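Okay, upload.cif now, which holds mmCIF, N, CA and C atoms:
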data_my_file
loop_
_atom_site.label_atom_id
_atom_site.label_comp_id
_atom_site.auth_asym_id
_atom_site.auth_seq_id
_atom_site.Cartn_x
_atom_site.Cartn_y
_atom_site.Cartn_z
N MET Z 1 1.75 12.84 -9.12
CA MET Z 1 0.59 13.58 -8.66
C MET Z 1 -0.56 12.61 -8.38
N GLN Z 2 -1.28 12.85 -7.33
CA GLN Z 2 -2.37 11.96 -6.91
C GLN Z 2 -3.60 12.19 -7.78
N SER Z 3 -4.17 11.12 -8.28
CA SER Z 3 -5.38 11.21 -9.09
C SER Z 3 -6.59 10.89 -8.22
N ASP Z 4 -7.80 11.07 -8.79
CA ASP Z 4 -9.02 10.77 -8.05
C ASP Z 4 -9.22 9.27 -7.87
N SER Z 5 -8.55 8.47 -8.69
CA SER Z 5 -8.77 7.03 -8.65
C SER Z 5 -7.67 6.28 -7.90
N ALA Z 6 -6.69 7.00 -7.34
CA ALA Z 6 -5.58 6.33 -6.67
C ALA Z 6 -5.08 7.14 -5.47
N LEU Z 7 -4.50 6.43 -4.51
CA LEU Z 7 -3.83 7.06 -3.37
C LEU Z 7 -2.34 6.85 -3.54
N GLU Z 8 -1.57 7.84 -3.18
CA GLU Z 8 -0.11 7.72 -3.28
C GLU Z 8 0.47 7.28 -1.95
N TYR Z 9 1.53 6.49 -2.03
CA TYR Z 9 2.27 6.09 -0.83
C TYR Z 9 3.74 5.93 -1.20
N MET Z 10 4.60 6.05 -0.20
CA MET Z 10 6.03 5.95 -0.42
C MET Z 10 6.52 4.56 -0.01
N CYS Z 11 7.32 3.95 -0.87
CA CYS Z 11 7.92 2.66 -0.55
C CYS Z 11 8.89 2.83 0.62
N PRO Z 12 8.73 2.06 1.70
CA PRO Z 12 9.63 2.19 2.84
C PRO Z 12 11.04 1.68 2.55
N HIS Z 13 11.20 0.96 1.46
CA HIS Z 13 12.50 0.38 1.11
C HIS Z 13 13.35 1.36 0.28
N CYS Z 14 12.76 1.95 -0.78
CA CYS Z 14 13.55 2.81 -1.68
C CYS Z 14 13.06 4.25 -1.76
N GLY Z 15 11.88 4.55 -1.22
CA GLY Z 15 11.37 5.92 -1.21
C GLY Z 15 10.60 6.33 -2.46
N THR Z 16 10.38 5.42 -3.39
CA THR Z 16 9.62 5.74 -4.60
C THR Z 16 8.14 5.92 -4.27
N ILE Z 17 7.50 6.88 -4.94
CA ILE Z 17 6.07 7.10 -4.78
C ILE Z 17 5.32 6.12 -5.69
N ASN Z 18 4.42 5.35 -5.10
CA ASN Z 18 3.59 4.38 -5.81
C ASN Z 18 2.13 4.77 -5.63
N GLU Z 19 1.25 4.08 -6.34
CA GLU Z 19 -0.19 4.35 -6.22
C GLU Z 19 -0.95 3.10 -5.83
N LEU Z 20 -1.99 3.29 -5.04
CA LEU Z 20 -2.91 2.22 -4.65
C LEU Z 20 -4.28 2.62 -5.18
N ARG Z 21 -4.93 1.72 -5.91
CA ARG Z 21 -6.27 1.99 -6.44
C ARG Z 21 -7.25 2.27 -5.30
N ARG Z 22 -8.11 3.23 -5.49
CA ARG Z 22 -9.12 3.54 -4.47
C ARG Z 22 -10.07 2.38 -4.24
N GLU Z 23 -10.26 1.52 -5.24
CA GLU Z 23 -11.13 0.36 -5.07
C GLU Z 23 -10.60 -0.55 -3.96
N ALA Z 24 -9.30 -0.51 -3.70
CA ALA Z 24 -8.70 -1.34 -2.65
C ALA Z 24 -9.20 -0.94 -1.27
N LEU Z 25 -9.78 0.25 -1.15
CA LEU Z 25 -10.28 0.71 0.15
C LEU Z 25 -11.53 -0.03 0.60
N ARG Z 26 -12.13 -0.80 -0.29
CA ARG Z 26 -13.27 -1.62 0.11
C ARG Z 26 -12.84 -2.68 1.11
N ASP Z 27 -11.55 -2.99 1.12
CA ASP Z 27 -11.01 -3.99 2.03
C ASP Z 27 -10.27 -3.33 3.19
N MET Z 28 -10.91 -2.32 3.79
CA MET Z 28 -10.29 -1.62 4.92
C MET Z 28 -9.92 -2.61 6.02
N TYR Z 29 -8.76 -2.37 6.62
CA TYR Z 29 -8.23 -3.17 7.72
C TYR Z 29 -7.83 -4.59 7.32
N HIS Z 30 -7.74 -4.85 6.02
CA HIS Z 30 -7.28 -6.14 5.53
C HIS Z 30 -5.95 -5.92 4.80
N GLU Z 31 -4.95 -6.71 5.17
CA GLU Z 31 -3.63 -6.59 4.55
C GLU Z 31 -3.72 -6.92 3.06
N GLN Z 32 -3.08 -6.07 2.25
CA GLN Z 32 -3.02 -6.28 0.81
C GLN Z 32 -1.55 -6.26 0.40
N HIS Z 33 -1.22 -6.94 -0.67
CA HIS Z 33 0.16 -6.99 -1.13
C HIS Z 33 0.30 -6.31 -2.48
N GLU Z 34 1.28 -5.44 -2.57
CA GLU Z 34 1.62 -4.73 -3.80
C GLU Z 34 3.13 -4.81 -3.98
N THR Z 35 3.60 -4.62 -5.19
CA THR Z 35 5.02 -4.59 -5.48
C THR Z 35 5.42 -3.17 -5.84
N CYS Z 36 6.52 -2.69 -5.29
CA CYS Z 36 7.02 -1.35 -5.61
C CYS Z 36 7.38 -1.29 -7.09
N ASP Z 37 6.96 -0.22 -7.76
CA ASP Z 37 7.24 -0.05 -9.19
C ASP Z 37 8.72 0.06 -9.48
N CYS Z 38 9.50 0.57 -8.54
CA CYS Z 38 10.93 0.80 -8.77
C CYS Z 38 11.80 -0.37 -8.34
N CYS Z 39 11.77 -0.71 -7.05
CA CYS Z 39 12.69 -1.72 -6.51
C CYS Z 39 12.12 -3.13 -6.54
N LYS Z 40 10.83 -3.26 -6.88
CA LYS Z 40 10.14 -4.56 -6.98
C LYS Z 40 10.03 -5.29 -5.65
N LYS Z 41 10.24 -4.57 -4.54
CA LYS Z 41 10.09 -5.14 -3.20
C LYS Z 41 8.61 -5.38 -2.92
N MET Z 42 8.28 -6.54 -2.35
CA MET Z 42 6.90 -6.85 -1.98
C MET Z 42 6.54 -6.03 -0.74
N LEU Z 43 5.40 -5.34 -0.80
CA LEU Z 43 4.96 -4.48 0.28
C LEU Z 43 3.63 -4.95 0.83
N SER Z 44 3.47 -4.77 2.12
CA SER Z 44 2.21 -5.03 2.81
C SER Z 44 1.53 -3.69 3.05
N LEU Z 45 0.31 -3.53 2.56
CA LEU Z 45 -0.44 -2.29 2.75
C LEU Z 45 -1.75 -2.61 3.46
N THR Z 46 -2.05 -1.85 4.50
CA THR Z 46 -3.30 -2.02 5.22
C THR Z 46 -3.98 -0.66 5.32
N PRO Z 47 -5.07 -0.44 4.56
CA PRO Z 47 -5.79 0.82 4.67
C PRO Z 47 -6.60 0.86 5.97
N ALA Z 48 -6.62 2.03 6.59
CA ALA Z 48 -7.34 2.21 7.85
C ALA Z 48 -7.95 3.61 7.88
N ASP Z 49 -8.98 3.77 8.70
CA ASP Z 49 -9.59 5.09 8.86
C ASP Z 49 -8.62 6.02 9.56
N GLY Z 50 -8.55 7.25 9.07
CA GLY Z 50 -7.70 8.27 9.67
C GLY Z 50 -8.53 9.38 10.27
N ILE Z 51 -7.87 10.40 10.74
CA ILE Z 51 -8.53 11.54 11.35
C ILE Z 51 -9.20 12.39 10.27
N GLY Z 52 -10.38 12.89 10.54
CA GLY Z 52 -11.07 13.78 9.62
C GLY Z 52 -11.53 13.12 8.34
N GLY Z 53 -11.85 11.83 8.40
CA GLY Z 53 -12.34 11.15 7.22
C GLY Z 53 -11.26 10.77 6.21
N ARG Z 54 -10.01 10.95 6.58
CA ARG Z 54 -8.91 10.59 5.69
C ARG Z 54 -8.58 9.11 5.83
N VAL Z 55 -7.74 8.63 4.92
CA VAL Z 55 -7.31 7.23 4.93
C VAL Z 55 -5.85 7.16 5.32
N ASN Z 56 -5.54 6.31 6.28
CA ASN Z 56 -4.15 6.01 6.63
C ASN Z 56 -3.77 4.70 5.95
N LEU Z 57 -2.58 4.66 5.37
CA LEU Z 57 -2.06 3.41 4.81
C LEU Z 57 -0.89 2.97 5.68
N VAL Z 58 -1.03 1.81 6.29
CA VAL Z 58 0.05 1.23 7.08
C VAL Z 58 0.85 0.37 6.11
N ILE Z 59 2.12 0.75 5.89
CA ILE Z 59 2.93 0.11 4.86
C ILE Z 59 4.20 -0.47 5.47
N ASP Z 60 4.54 -1.68 5.01
CA ASP Z 60 5.76 -2.34 5.48
C ASP Z 60 6.32 -3.18 4.35
N ALA Z 61 7.64 -3.28 4.27
CA ALA Z 61 8.27 -4.17 3.30
C ALA Z 61 8.22 -5.59 3.84
N ILE Z 62 7.91 -6.55 2.98
CA ILE Z 62 7.81 -7.95 3.37
C ILE Z 62 9.13 -8.65 3.06
N GLU Z 63 9.64 -9.37 4.04
CA GLU Z 63 10.84 -10.16 3.81
C GLU Z 63 10.52 -11.31 2.86
N SER Z 64 11.45 -11.68 2.02
CA SER Z 64 11.18 -12.68 0.97
C SER Z 64 10.74 -14.03 1.53
N ASP Z 65 11.22 -14.45 2.69
CA ASP Z 65 10.80 -15.74 3.24
C ASP Z 65 9.37 -15.68 3.76
N LYS Z 66 8.91 -14.52 4.22
CA LYS Z 66 7.54 -14.37 4.69
C LYS Z 66 6.56 -14.28 3.52
N ALA Z 67 7.01 -13.75 2.38
CA ALA Z 67 6.14 -13.59 1.22
C ALA Z 67 5.76 -14.94 0.63
N MET Z 68 6.55 -15.95 0.83
CA MET Z 68 6.28 -17.26 0.26
C MET Z 68 5.23 -18.03 1.05
N LYS Z 69 4.95 -17.63 2.28
CA LYS Z 69 4.00 -18.37 3.13
C LYS Z 69 2.57 -18.05 2.77
#

Go ahead and express the file in the form of structure tokens.
Amino acid sequence: MQSDSALEYMCPHCGTINELRREALRDMYHEQHETCDCCKKMLSLTPADGIGGRVNLVIDAIESDKAMK
């Protein structure tokens, strides 16, 4: 369940629901890295403005060779 202090998103790799702290929205349009709680896959998250004042999270799994750069 989504709390007031976090946004929920689904891992594109395994489908697990994870949370992103709302404080991370201060860095809108900047790529952030999080690890999925279930599969431990490194994820790229980019918060962006959505329609009607909502937040869109652009999420992608990072390949292991790209994560090292």

- Task: Could you please give me, as a ChimeraX atom specification, the residues of protein, DNA or RNA lying at most 6 Å from (-1.5, 2.4, -2.8) in the coordinate frame of the file, considering all atoms listed in the file?
- Result: /Z:7-9,18-21

- Task: Skip range 47-61 of chain Z itself and residues of its chain fewer than 2 positions away, then list as a PyMOL selection string all residues within 7 Å of it, counting only N, CA and C atoms.
- Result: chain Z and resi 12-13+25+27-32+41-45+63

Output file for the selection above: N, CA and C atoms, as a PDB file, in the coordinates of the input:
ATOM      1  N   PRO Z  12       8.730   2.060   1.700  1.00  0.00           N
ATOM      2  CA  PRO Z  12       9.630   2.190   2.840  1.00  0.00           C
ATOM      3  C   PRO Z  12      11.040   1.680   2.550  1.00  0.00           C
ATOM      4  N   HIS Z  13      11.200   0.960   1.460  1.00  0.00           N
ATOM      5  CA  HIS Z  13      12.500   0.380   1.110  1.00  0.00           C
ATOM      6  C   HIS Z  13      13.350   1.360   0.280  1.00  0.00           C
ATOM      7  N   LEU Z  25      -9.780   0.250  -1.150  1.00  0.00           N
ATOM      8  CA  LEU Z  25     -10.280   0.710   0.150  1.00  0.00           C
ATOM      9  C   LEU Z  25     -11.530  -0.030   0.600  1.00  0.00           C
ATOM     10  N   ASP Z  27     -11.550  -2.990   1.120  1.00  0.00           N
ATOM     11  CA  ASP Z  27     -11.010  -3.990   2.030  1.00  0.00           C
ATOM     12  C   ASP Z  27     -10.270  -3.330   3.190  1.00  0.00           C
ATOM     13  N   MET Z  28     -10.910  -2.320   3.790  1.00  0.00           N
ATOM     14  CA  MET Z  28     -10.290  -1.620   4.920  1.00  0.00           C
ATOM     15  C   MET Z  28      -9.920  -2.610   6.020  1.00  0.00           C
ATOM     16  N   TYR Z  29      -8.760  -2.370   6.620  1.00  0.00           N
ATOM     17  CA  TYR Z  29      -8.230  -3.170   7.720  1.00  0.00           C
ATOM     18  C   TYR Z  29      -7.830  -4.590   7.320  1.00  0.00           C
ATOM     19  N   HIS Z  30      -7.740  -4.850   6.020  1.00  0.00           N
ATOM     20  CA  HIS Z  30      -7.280  -6.140   5.530  1.00  0.00           C
ATOM     21  C   HIS Z  30      -5.950  -5.920   4.800  1.00  0.00           C
ATOM     22  N   GLU Z  31      -4.950  -6.710   5.170  1.00  0.00           N
ATOM     23  CA  GLU Z  31      -3.630  -6.590   4.550  1.00  0.00           C
ATOM     24  C   GLU Z  31      -3.720  -6.920   3.060  1.00  0.00           C
ATOM     25  N   GLN Z  32      -3.080  -6.070   2.250  1.00  0.00           N
ATOM     26  CA  GLN Z  32      -3.020  -6.280   0.810  1.00  0.00           C
ATOM     27  C   GLN Z  32      -1.550  -6.260   0.400  1.00  0.00           C
ATOM     28  N   LYS Z  41      10.240  -4.570  -4.540  1.00  0.00           N
ATOM     29  CA  LYS Z  41      10.090  -5.140  -3.200  1.00  0.00           C
ATOM     30  C   LYS Z  41       8.610  -5.380  -2.920  1.00  0.00           C
ATOM     31  N   MET Z  42       8.280  -6.540  -2.350  1.00  0.00           N
ATOM     32  CA  MET Z  42       6.900  -6.850  -1.980  1.00  0.00           C
ATOM     33  C   MET Z  42       6.540  -6.030  -0.740  1.00  0.00           C
ATOM     34  N   LEU Z  43       5.400  -5.340  -0.800  1.00  0.00           N
ATOM     35  CA  LEU Z  43       4.960  -4.480   0.280  1.00  0.00           C
ATOM     36  C   LEU Z  43       3.630  -4.950   0.830  1.00  0.00           C
ATOM     37  N   SER Z  44       3.470  -4.770   2.120  1.00  0.00           N
ATOM     38  CA  SER Z  44       2.210  -5.030   2.810  1.00  0.00           C
ATOM     39  C   SER Z  44       1.530  -3.690   3.050  1.00  0.00           C
ATOM     40  N   LEU Z  45       0.310  -3.530   2.560  1.00  0.00           N
ATOM     41  CA  LEU Z  45      -0.440  -2.290   2.750  1.00  0.00           C
ATOM     42  C   LEU Z  45      -1.750  -2.610   3.460  1.00  0.00           C
ATOM     43  N   GLU Z  63       9.640  -9.370   4.040  1.00  0.00           N
ATOM     44  CA  GLU Z  63      10.840 -10.160   3.810  1.00  0.00           C
ATOM     45  C   GLU Z  63      10.520 -11.310   2.860  1.00  0.00           C
TER      46      GLU Z  63
END

- as a ChimeraX atom specification, please: all residues of chain Z that backbone DSSP puts in alpha helix (DSSP H). /Z:64-67

- Can you list, as a PyMOL selection string, every residue of chain Z that DSSP puts in strand (DSSP E or B)? chain Z and resi 6-10+17-21+32-35+42-49+55-61

- Message: With the PyMOL selection byres ((chain Z and resi 37) around 8) as the selection, what would be picked from this file? Answer as a VMD selection string, please.
- Response: chain Z and resid 11 16 to 19 34 to 36 38 to 41

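Note that the spacing between CA of Cys14 in chain Z and atom N of Arg26 in chain Z amounts to 26.0 Å.
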
- In Å, with one decimal, what is the gap from atom C of His33 in chain Z to atom N of Ser5 in chain Z?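 Interatomic distance here is 18.3 Å.
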
- Message: Would you compute the distance between atom N of Ala24 in chain Z and atom C of Thr46 in chain Z? Give it in Å to one decimal.
- Response: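 One can read the atom N of Ala24 in chain Z to atom C of Thr46 in chain Z distance as 10.5 Å.
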